[in-house]
Each structure stands twice: as structure tokens, then as C-alpha cells.
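Printed here is data-v6.cif (mmCIF, C-alpha atoms; chains and numbers go by the auth columns):
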```cif
data_my_file
#
loop_
_atom_site.group_PDB
_atom_site.id
_atom_site.type_symbol
_atom_site.label_atom_id
_atom_site.label_comp_id
_atom_site.label_asym_id
_atom_site.label_seq_id
_atom_site.Cartn_x
_atom_site.Cartn_y
_atom_site.Cartn_z
_atom_site.B_iso_or_equiv
_atom_site.auth_seq_id
_atom_site.auth_asym_id
ATOM 1 C CA MET A 1 7.197 -3.504 -6.352 0.00 1 A
ATOM 2 C CA GLN A 2 3.843 -5.230 -6.670 0.00 2 A
ATOM 3 C CA LEU A 3 2.511 -5.540 -3.127 0.00 3 A
ATOM 4 C CA SER A 4 0.497 -8.598 -2.097 0.00 4 A
ATOM 5 C CA PHE A 5 -1.731 -9.579 0.834 0.00 5 A
ATOM 6 C CA HIS A 6 1.453 -10.137 2.866 0.00 6 A
ATOM 7 C CA ASP A 7 2.631 -6.576 2.264 0.00 7 A
ATOM 8 C CA VAL A 8 -0.414 -4.686 3.576 0.00 8 A
ATOM 9 C CA TYR A 9 -2.030 -4.674 7.010 0.00 9 A
ATOM 10 C CA LEU A 10 -5.321 -6.447 6.254 0.00 10 A
ATOM 11 C CA ASP A 11 -7.262 -5.384 9.360 0.00 11 A
ATOM 12 C CA TYR A 12 -6.710 -1.767 8.301 0.00 12 A
ATOM 13 C CA PHE A 13 -9.320 -2.224 5.554 0.00 13 A
ATOM 14 C CA LYS A 14 -12.221 -3.344 7.771 0.00 14 A
ATOM 15 C CA ASP A 15 -13.978 0.038 7.864 0.00 15 A
ATOM 16 C CA LYS A 16 -12.865 1.343 4.457 0.00 16 A
ATOM 17 C CA LYS A 17 -14.857 -0.827 2.058 0.00 17 A
ATOM 18 C CA LYS A 18 -16.933 2.008 0.543 0.00 18 A
ATOM 19 C CA LEU A 19 -13.843 4.166 -0.038 0.00 19 A
ATOM 20 C CA ILE A 20 -11.716 1.315 -1.455 0.00 20 A
ATOM 21 C CA LEU A 21 -14.441 0.228 -3.879 0.00 21 A
ATOM 22 C CA GLN A 22 -14.321 3.698 -5.485 0.00 22 A
ATOM 23 C CA LEU A 23 -10.687 3.184 -6.513 0.00 23 A
ATOM 24 C CA ARG A 24 -9.663 1.851 -9.915 0.00 24 A
ATOM 25 C CA SER A 25 -6.532 0.202 -11.207 0.00 25 A
ATOM 26 C CA GLY A 26 -3.950 2.754 -12.257 0.00 26 A
ATOM 27 C CA MET A 27 -5.187 5.564 -9.997 0.00 27 A
ATOM 28 C CA PRO A 28 -2.272 7.427 -8.384 0.00 28 A
ATOM 29 C CA LEU A 29 -1.448 6.970 -4.706 0.00 29 A
ATOM 30 C CA TYR A 30 0.943 8.803 -2.444 0.00 30 A
ATOM 31 C CA PHE A 31 3.222 6.813 -0.138 0.00 31 A
ATOM 32 C CA ASP A 32 3.859 8.569 3.154 0.00 32 A
ATOM 33 C CA ASN A 33 5.354 7.086 6.315 0.00 33 A
ATOM 34 C CA GLY A 34 4.077 3.572 5.646 0.00 34 A
ATOM 35 C CA PHE A 35 0.631 4.657 4.458 0.00 35 A
ATOM 36 C CA PHE A 36 -0.838 4.934 0.993 0.00 36 A
ATOM 37 C CA ARG A 37 -3.051 7.989 0.476 0.00 37 A
ATOM 38 C CA ILE A 38 -5.363 9.145 -2.271 0.00 38 A
ATOM 39 C CA GLU A 39 -5.315 12.669 -3.699 0.00 39 A
ATOM 40 C CA SER A 40 -7.692 14.001 -1.017 0.00 40 A
ATOM 41 C CA GLY A 41 -5.199 12.900 1.651 0.00 41 A
ATOM 42 C CA GLU A 42 -7.263 10.029 3.031 0.00 42 A
ATOM 43 C CA ARG A 43 -5.291 6.944 4.010 0.00 43 A
ATOM 44 C CA VAL A 44 -6.430 3.915 2.024 0.00 44 A
ATOM 45 C CA ALA A 45 -3.778 1.308 2.878 0.00 45 A
ATOM 46 C CA CYS A 46 -1.125 0.591 5.466 0.00 46 A
ATOM 47 C CA ALA A 47 2.146 -1.197 4.694 0.00 47 A
ATOM 48 C CA SER A 48 2.877 -4.276 6.807 0.00 48 A
ATOM 49 C CA LYS A 49 5.783 -4.380 9.238 0.00 49 A
ATOM 50 C CA GLN A 50 7.557 -6.813 6.911 0.00 50 A
ATOM 51 C CA ILE A 51 7.399 -4.542 3.855 0.00 51 A
ATOM 52 C CA ARG A 52 8.330 -1.492 5.944 0.00 52 A
ATOM 53 C CA LYS A 53 11.464 -3.348 6.993 0.00 53 A
ATOM 54 C CA GLU A 54 12.195 -4.256 3.365 0.00 54 A
ATOM 55 C CA LEU A 55 11.690 -0.623 2.295 0.00 55 A
ATOM 56 C CA GLN A 56 14.079 0.494 5.043 0.00 56 A
ATOM 57 C CA GLU A 57 16.683 -1.915 3.626 0.00 57 A
ATOM 58 C CA TRP A 58 16.124 -0.445 0.153 0.00 58 A
ATOM 59 C CA SER A 59 16.468 3.043 1.635 0.00 59 A
ATOM 60 C CA GLU A 60 19.842 2.090 3.105 0.00 60 A
ATOM 61 C CA LYS A 61 20.893 1.070 -0.414 0.00 61 A
ATOM 62 C CA GLY A 62 19.931 4.519 -1.728 0.00 62 A
ATOM 63 C CA TYR A 63 16.371 3.913 -2.935 0.00 63 A
ATOM 64 C CA GLN A 64 13.212 5.782 -2.030 0.00 64 A
ATOM 65 C CA ALA A 65 9.550 5.621 -3.016 0.00 65 A
ATOM 66 C CA GLU A 66 9.043 7.636 -6.187 0.00 66 A
ATOM 67 C CA SER A 67 5.427 6.857 -7.003 0.00 67 A
ATOM 68 C CA ALA A 68 2.580 4.493 -6.223 0.00 68 A
ATOM 69 C CA LYS A 69 -0.657 3.475 -7.861 0.00 69 A
ATOM 70 C CA VAL A 70 -3.641 1.206 -7.360 0.00 70 A
ATOM 71 C CA SER A 71 -2.873 -2.166 -8.832 0.00 71 A
ATOM 72 C CA PHE A 72 -5.743 -4.364 -7.611 0.00 72 A
ATOM 73 C CA VAL A 73 -8.802 -4.117 -5.399 0.00 73 A
ATOM 74 C CA VAL A 74 -9.736 -7.561 -4.101 0.00 74 A
ATOM 75 C CA ALA A 75 -12.091 -9.105 -1.544 0.00 75 A
ATOM 76 C CA TRP A 76 -10.800 -10.588 1.715 0.00 76 A
ATOM 77 C CA LYS A 77 -12.590 -12.090 4.687 0.00 77 A
ATOM 78 C CA GLY A 78 -10.772 -12.631 7.949 0.00 78 A
ATOM 79 C CA LYS A 79 -11.399 -15.785 9.985 0.00 79 A
ATOM 80 C CA GLU A 80 -13.598 -13.974 12.498 0.00 80 A
ATOM 81 C CA ALA A 81 -15.112 -11.365 10.180 0.00 81 A
ATOM 82 C CA ALA A 82 -18.833 -11.258 9.478 0.00 82 A
ATOM 83 C CA GLU A 83 -18.395 -9.817 5.982 0.00 83 A
ATOM 84 C CA GLU A 84 -15.749 -9.359 3.318 0.00 84 A
ATOM 85 C CA SER A 85 -13.493 -6.332 3.225 0.00 85 A
ATOM 86 C CA ALA A 86 -12.248 -4.612 0.074 0.00 86 A
ATOM 87 C CA VAL A 87 -8.438 -4.707 0.057 0.00 87 A
ATOM 88 C CA LEU A 88 -6.198 -2.411 -1.958 0.00 88 A
ATOM 89 C CA LEU A 89 -3.015 -3.963 -3.344 0.00 89 A
ATOM 90 C CA PRO A 90 -0.756 -1.120 -4.476 0.00 90 A
ATOM 91 C CA GLU A 91 2.225 -0.972 -6.779 0.00 91 A
ATOM 92 C CA LEU A 92 5.176 1.023 -5.493 0.00 92 A
ATOM 93 C CA THR A 93 7.969 2.356 -7.707 0.00 93 A
ATOM 94 C CA LEU A 94 11.360 2.957 -6.121 0.00 94 A
ATOM 95 C CA LYS A 95 14.043 5.263 -7.463 0.00 95 A
ATOM 96 C CA ASN A 96 17.730 5.453 -6.679 0.00 96 A
ATOM 97 C CA ARG A 97 18.244 8.809 -4.959 0.00 97 A
ATOM 98 C CA ASP A 98 21.760 9.034 -6.402 0.00 98 A
ATOM 99 C CA ALA A 99 20.795 8.287 -10.012 0.00 99 A
ATOM 100 C CA LYS A 100 20.844 11.193 -12.418 0.00 100 A
ATOM 101 C CA SER A 101 17.577 11.860 -14.234 0.00 101 A
#
```
Can I see the file as C-alpha cells?
Amino acid sequence: MQLSFHDVYLDYFKDKKKLILQLRSGMPLYFDNGFFRIESGERVACASKQIRKELQEWSEKGYQAESAKVSFVVAWKGKEAAEESAVLLPELTLKNRDAKS
């Protein structure tokens, strides 16, 4: 699943610009309870309510998050923001829990 602006909580990124700008496309992420983390354990992105609901529906069909990675780092400026934020758009791979490897 390639996540877009609609799939992440944009205000989450407001104070994480320096950290996000250190990330590069393809770097591994860990998906945990609606958050994307880097190897050190720091949270770098938060899934939106909409995508969390969609992931719950996938879970009910037998799928779970297998892996995640940085897909894009883009600039975003909210209507009332003084400066741009760096936004991480992750890619999430799902796997059928019942499928044999």
C-alpha cells in the first residue's frame, strides 16, 4: 500500500522536520499500533484514522502489516502554519497471515 497525504496525520510532522529530512527512500520502517518507527524506535509518522480503519478491515480478512519503508519525503504547509513541514509518505506491505511461506 502506497500511503498518501490522506493516509497520514499531517499535524504529527510539525516538530519532526529535522528527523524526517534525514530519511531516504527505501529505508526500513516498523509499523506498530498505527505509528511508523525508525530503527532507533523513534516515531516518524502516524497513520490517519481512515487508513487505520482500512487496515482493521484488512486484518479481519486475514492480513497484517509485514513490512514498511520510506517511499517519499515531501514538503507540506498547513493553512495556518508559518513554515513548511517535512512529511513522510510510507509504503506498507501486507501479508496474509494464513498463507504458507
Name all residues at most 12 Å from segment 90-98 of chain A (count all atoms listed in the file; drop same-chain ones fewer than 5 positions away) and give them as a compact mmCIF listing (two decimals) with C-alpha atoms, in the coordinates of the input.
```
# COMPACT_ATOMS: atom_id res chain seq x y z
CA MET A 1 7.20 -3.50 -6.35
CA GLN A 2 3.84 -5.23 -6.67
CA LEU A 3 2.51 -5.54 -3.13
CA SER A 4 0.50 -8.60 -2.10
CA PHE A 5 -1.73 -9.58 0.83
CA HIS A 6 1.45 -10.14 2.87
CA ASP A 7 2.63 -6.58 2.26
CA VAL A 8 -0.41 -4.69 3.58
CA ILE A 20 -11.72 1.32 -1.46
CA LEU A 23 -10.69 3.18 -6.51
CA ARG A 24 -9.66 1.85 -9.91
CA SER A 25 -6.53 0.20 -11.21
CA GLY A 26 -3.95 2.75 -12.26
CA MET A 27 -5.19 5.56 -10.00
CA PRO A 28 -2.27 7.43 -8.38
CA LEU A 29 -1.45 6.97 -4.71
CA TYR A 30 0.94 8.80 -2.44
CA PHE A 31 3.22 6.81 -0.14
CA ASP A 32 3.86 8.57 3.15
CA GLY A 34 4.08 3.57 5.65
CA PHE A 35 0.63 4.66 4.46
CA PHE A 36 -0.84 4.93 0.99
CA ARG A 37 -3.05 7.99 0.48
CA ILE A 38 -5.36 9.14 -2.27
CA VAL A 44 -6.43 3.92 2.02
CA ALA A 45 -3.78 1.31 2.88
CA CYS A 46 -1.12 0.59 5.47
CA ALA A 47 2.15 -1.20 4.69
CA ILE A 51 7.40 -4.54 3.86
CA GLU A 54 12.20 -4.26 3.36
CA LEU A 55 11.69 -0.62 2.30
CA GLN A 56 14.08 0.49 5.04
CA TRP A 58 16.12 -0.44 0.15
CA SER A 59 16.47 3.04 1.64
CA GLU A 60 19.84 2.09 3.10
CA LYS A 61 20.89 1.07 -0.41
CA GLY A 62 19.93 4.52 -1.73
CA TYR A 63 16.37 3.91 -2.94
CA GLN A 64 13.21 5.78 -2.03
CA ALA A 65 9.55 5.62 -3.02
CA GLU A 66 9.04 7.64 -6.19
CA SER A 67 5.43 6.86 -7.00
CA ALA A 68 2.58 4.49 -6.22
CA LYS A 69 -0.66 3.48 -7.86
CA VAL A 70 -3.64 1.21 -7.36
CA SER A 71 -2.87 -2.17 -8.83
CA PHE A 72 -5.74 -4.36 -7.61
CA VAL A 73 -8.80 -4.12 -5.40
CA VAL A 74 -9.74 -7.56 -4.10
```
Atom CA of Lys53 of chain A to atom CA of Tyr9 of chain A measures 13.6 Å
Between atom CA of Arg43 of chain A and atom CA of Lys16 of chain A lies a distance of 9.4 Å
Using all atoms of segment 74-84 of chain A listed in the file and a margin of 3 Å per side, can you give the axis-aligned box centre and edge lengths in Å to one decimal, as lines of an AutoDock Vina configuration file?
```
center_x = -14.3
center_y = -11.7
center_z = 4.2
size_x = 15.1
size_y = 14.2
size_z = 22.6
```
**Ground truth for the PyMOL selection byres ((chain A and resi 14) around 9), written as a ChimeraX atom specification** = /A:10-13,15-17,81,84-87
Counting all atoms listed in the file, the residue among A:Glu57, A:Leu88, A:Gly78, A:Glu83 that lies closest to Gln22 of chain A is A:Leu88
Fix up segment 46-81 of chain A with N, CA and C atoms, then write it as a PDB file, in the frame of the given file.
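The resulting result-v1.pdb:
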```
ATOM      1  N   CYS A  46      -2.235   0.521   4.523  1.00  0.00           N
ATOM      2  CA  CYS A  46      -1.125   0.591   5.466  1.00  0.00           C
ATOM      3  C   CYS A  46      -0.146  -0.537   5.145  1.00  0.00           C
ATOM      4  N   ALA A  47       1.116  -0.194   4.978  1.00  0.00           N
ATOM      5  CA  ALA A  47       2.146  -1.197   4.694  1.00  0.00           C
ATOM      6  C   ALA A  47       2.373  -2.079   5.923  1.00  0.00           C
ATOM      7  N   SER A  48       2.610  -3.352   5.704  1.00  0.00           N
ATOM      8  CA  SER A  48       2.877  -4.276   6.807  1.00  0.00           C
ATOM      9  C   SER A  48       4.254  -4.006   7.411  1.00  0.00           C
ATOM     10  N   LYS A  49       4.474  -4.531   8.596  1.00  0.00           N
ATOM     11  CA  LYS A  49       5.783  -4.380   9.238  1.00  0.00           C
ATOM     12  C   LYS A  49       6.881  -4.984   8.373  1.00  0.00           C
ATOM     13  N   GLN A  50       6.579  -6.115   7.749  1.00  0.00           N
ATOM     14  CA  GLN A  50       7.557  -6.813   6.911  1.00  0.00           C
ATOM     15  C   GLN A  50       7.983  -5.953   5.725  1.00  0.00           C
ATOM     16  N   ILE A  51       7.033  -5.346   5.029  1.00  0.00           N
ATOM     17  CA  ILE A  51       7.399  -4.542   3.855  1.00  0.00           C
ATOM     18  C   ILE A  51       8.047  -3.237   4.287  1.00  0.00           C
ATOM     19  N   ARG A  52       7.661  -2.699   5.440  1.00  0.00           N
ATOM     20  CA  ARG A  52       8.330  -1.492   5.944  1.00  0.00           C
ATOM     21  C   ARG A  52       9.800  -1.779   6.206  1.00  0.00           C
ATOM     22  N   LYS A  53      10.075  -2.954   6.747  1.00  0.00           N
ATOM     23  CA  LYS A  53      11.464  -3.348   6.993  1.00  0.00           C
ATOM     24  C   LYS A  53      12.215  -3.477   5.664  1.00  0.00           C
ATOM     25  N   GLU A  54      11.572  -4.100   4.686  1.00  0.00           N
ATOM     26  CA  GLU A  54      12.195  -4.256   3.365  1.00  0.00           C
ATOM     27  C   GLU A  54      12.447  -2.892   2.720  1.00  0.00           C
ATOM     28  N   LEU A  55      11.507  -1.967   2.858  1.00  0.00           N
ATOM     29  CA  LEU A  55      11.690  -0.623   2.295  1.00  0.00           C
ATOM     30  C   LEU A  55      12.810   0.123   3.010  1.00  0.00           C
ATOM     31  N   GLN A  56      12.971  -0.116   4.302  1.00  0.00           N
ATOM     32  CA  GLN A  56      14.079   0.494   5.043  1.00  0.00           C
ATOM     33  C   GLN A  56      15.416  -0.033   4.503  1.00  0.00           C
ATOM     34  N   GLU A  57      15.472  -1.326   4.202  1.00  0.00           N
ATOM     35  CA  GLU A  57      16.683  -1.915   3.626  1.00  0.00           C
ATOM     36  C   GLU A  57      16.980  -1.296   2.260  1.00  0.00           C
ATOM     37  N   TRP A  58      15.940  -1.090   1.456  1.00  0.00           N
ATOM     38  CA  TRP A  58      16.124  -0.445   0.153  1.00  0.00           C
ATOM     39  C   TRP A  58      16.603   0.989   0.336  1.00  0.00           C
ATOM     40  N   SER A  59      16.063   1.666   1.345  1.00  0.00           N
ATOM     41  CA  SER A  59      16.468   3.043   1.635  1.00  0.00           C
ATOM     42  C   SER A  59      17.955   3.113   1.981  1.00  0.00           C
ATOM     43  N   GLU A  60      18.429   2.140   2.737  1.00  0.00           N
ATOM     44  CA  GLU A  60      19.842   2.090   3.105  1.00  0.00           C
ATOM     45  C   GLU A  60      20.738   1.848   1.889  1.00  0.00           C
ATOM     46  N   LYS A  61      20.156   1.291   0.830  1.00  0.00           N
ATOM     47  CA  LYS A  61      20.893   1.070  -0.414  1.00  0.00           C
ATOM     48  C   LYS A  61      20.761   2.261  -1.362  1.00  0.00           C
ATOM     49  N   GLY A  62      20.046   3.305  -0.920  1.00  0.00           N
ATOM     50  CA  GLY A  62      19.931   4.519  -1.728  1.00  0.00           C
ATOM     51  C   GLY A  62      18.633   4.669  -2.494  1.00  0.00           C
ATOM     52  N   TYR A  63      17.639   3.839  -2.213  1.00  0.00           N
ATOM     53  CA  TYR A  63      16.371   3.913  -2.935  1.00  0.00           C
ATOM     54  C   TYR A  63      15.281   4.534  -2.065  1.00  0.00           C
ATOM     55  N   GLN A  64      14.353   5.205  -2.728  1.00  0.00           N
ATOM     56  CA  GLN A  64      13.212   5.782  -2.030  1.00  0.00           C
ATOM     57  C   GLN A  64      11.971   5.625  -2.894  1.00  0.00           C
ATOM     58  N   ALA A  65      10.803   5.723  -2.273  1.00  0.00           N
ATOM     59  CA  ALA A  65       9.550   5.621  -3.016  1.00  0.00           C
ATOM     60  C   ALA A  65       9.422   6.821  -3.946  1.00  0.00           C
ATOM     61  N   GLU A  66       9.213   6.560  -5.211  1.00  0.00           N
ATOM     62  CA  GLU A  66       9.043   7.636  -6.187  1.00  0.00           C
ATOM     63  C   GLU A  66       7.568   7.847  -6.509  1.00  0.00           C
ATOM     64  N   SER A  67       6.844   6.754  -6.681  1.00  0.00           N
ATOM     65  CA  SER A  67       5.427   6.857  -7.003  1.00  0.00           C
ATOM     66  C   SER A  67       4.719   5.573  -6.593  1.00  0.00           C
ATOM     67  N   ALA A  68       3.400   5.655  -6.553  1.00  0.00           N
ATOM     68  CA  ALA A  68       2.580   4.493  -6.223  1.00  0.00           C
ATOM     69  C   ALA A  68       1.273   4.610  -6.987  1.00  0.00           C
ATOM     70  N   LYS A  69       0.638   3.473  -7.194  1.00  0.00           N
ATOM     71  CA  LYS A  69      -0.657   3.475  -7.861  1.00  0.00           C
ATOM     72  C   LYS A  69      -1.458   2.261  -7.415  1.00  0.00           C
ATOM     73  N   VAL A  70      -2.756   2.336  -7.645  1.00  0.00           N
ATOM     74  CA  VAL A  70      -3.641   1.206  -7.360  1.00  0.00           C
ATOM     75  C   VAL A  70      -3.339   0.129  -8.388  1.00  0.00           C
ATOM     76  N   SER A  71      -3.070  -1.056  -7.912  1.00  0.00           N
ATOM     77  CA  SER A  71      -2.873  -2.166  -8.832  1.00  0.00           C
ATOM     78  C   SER A  71      -4.136  -3.029  -8.872  1.00  0.00           C
ATOM     79  N   PHE A  72      -4.560  -3.507  -7.697  1.00  0.00           N
ATOM     80  CA  PHE A  72      -5.743  -4.364  -7.611  1.00  0.00           C
ATOM     81  C   PHE A  72      -6.587  -3.966  -6.412  1.00  0.00           C
ATOM     82  N   VAL A  73      -7.884  -4.170  -6.528  1.00  0.00           N
ATOM     83  CA  VAL A  73      -8.802  -4.117  -5.399  1.00  0.00           C
ATOM     84  C   VAL A  73      -9.442  -5.500  -5.358  1.00  0.00           C
ATOM     85  N   VAL A  74      -9.266  -6.183  -4.232  1.00  0.00           N
ATOM     86  CA  VAL A  74      -9.736  -7.561  -4.101  1.00  0.00           C
ATOM     87  C   VAL A  74     -10.542  -7.719  -2.821  1.00  0.00           C
ATOM     88  N   ALA A  75     -11.301  -8.801  -2.738  1.00  0.00           N
ATOM     89  CA  ALA A  75     -12.091  -9.105  -1.544  1.00  0.00           C
ATOM     90  C   ALA A  75     -11.283  -9.990  -0.612  1.00  0.00           C
ATOM     91  N   TRP A  76     -11.460  -9.775   0.698  1.00  0.00           N
ATOM     92  CA  TRP A  76     -10.800 -10.588   1.715  1.00  0.00           C
ATOM     93  C   TRP A  76     -11.735 -10.701   2.912  1.00  0.00           C
ATOM     94  N   LYS A  77     -11.773 -11.877   3.488  1.00  0.00           N
ATOM     95  CA  LYS A  77     -12.590 -12.090   4.687  1.00  0.00           C
ATOM     96  C   LYS A  77     -11.732 -12.765   5.735  1.00  0.00           C
ATOM     97  N   GLY A  78     -11.540 -12.081   6.841  1.00  0.00           N
ATOM     98  CA  GLY A  78     -10.772 -12.631   7.949  1.00  0.00           C
ATOM     99  C   GLY A  78     -11.518 -13.785   8.600  1.00  0.00           C
ATOM    100  N   LYS A  79     -10.806 -14.603   9.349  1.00  0.00           N
ATOM    101  CA  LYS A  79     -11.399 -15.785   9.985  1.00  0.00           C
ATOM    102  C   LYS A  79     -12.597 -15.443  10.867  1.00  0.00           C
ATOM    103  N   GLU A  80     -12.543 -14.328  11.554  1.00  0.00           N
ATOM    104  CA  GLU A  80     -13.598 -13.974  12.498  1.00  0.00           C
ATOM    105  C   GLU A  80     -14.512 -12.863  11.980  1.00  0.00           C
ATOM    106  N   ALA A  81     -14.331 -12.472  10.741  1.00  0.00           N
ATOM    107  CA  ALA A  81     -15.112 -11.365  10.180  1.00  0.00           C
ATOM    108  C   ALA A  81     -16.496 -11.840   9.741  1.00  0.00           C
TER     109      ALA A  81
END
```
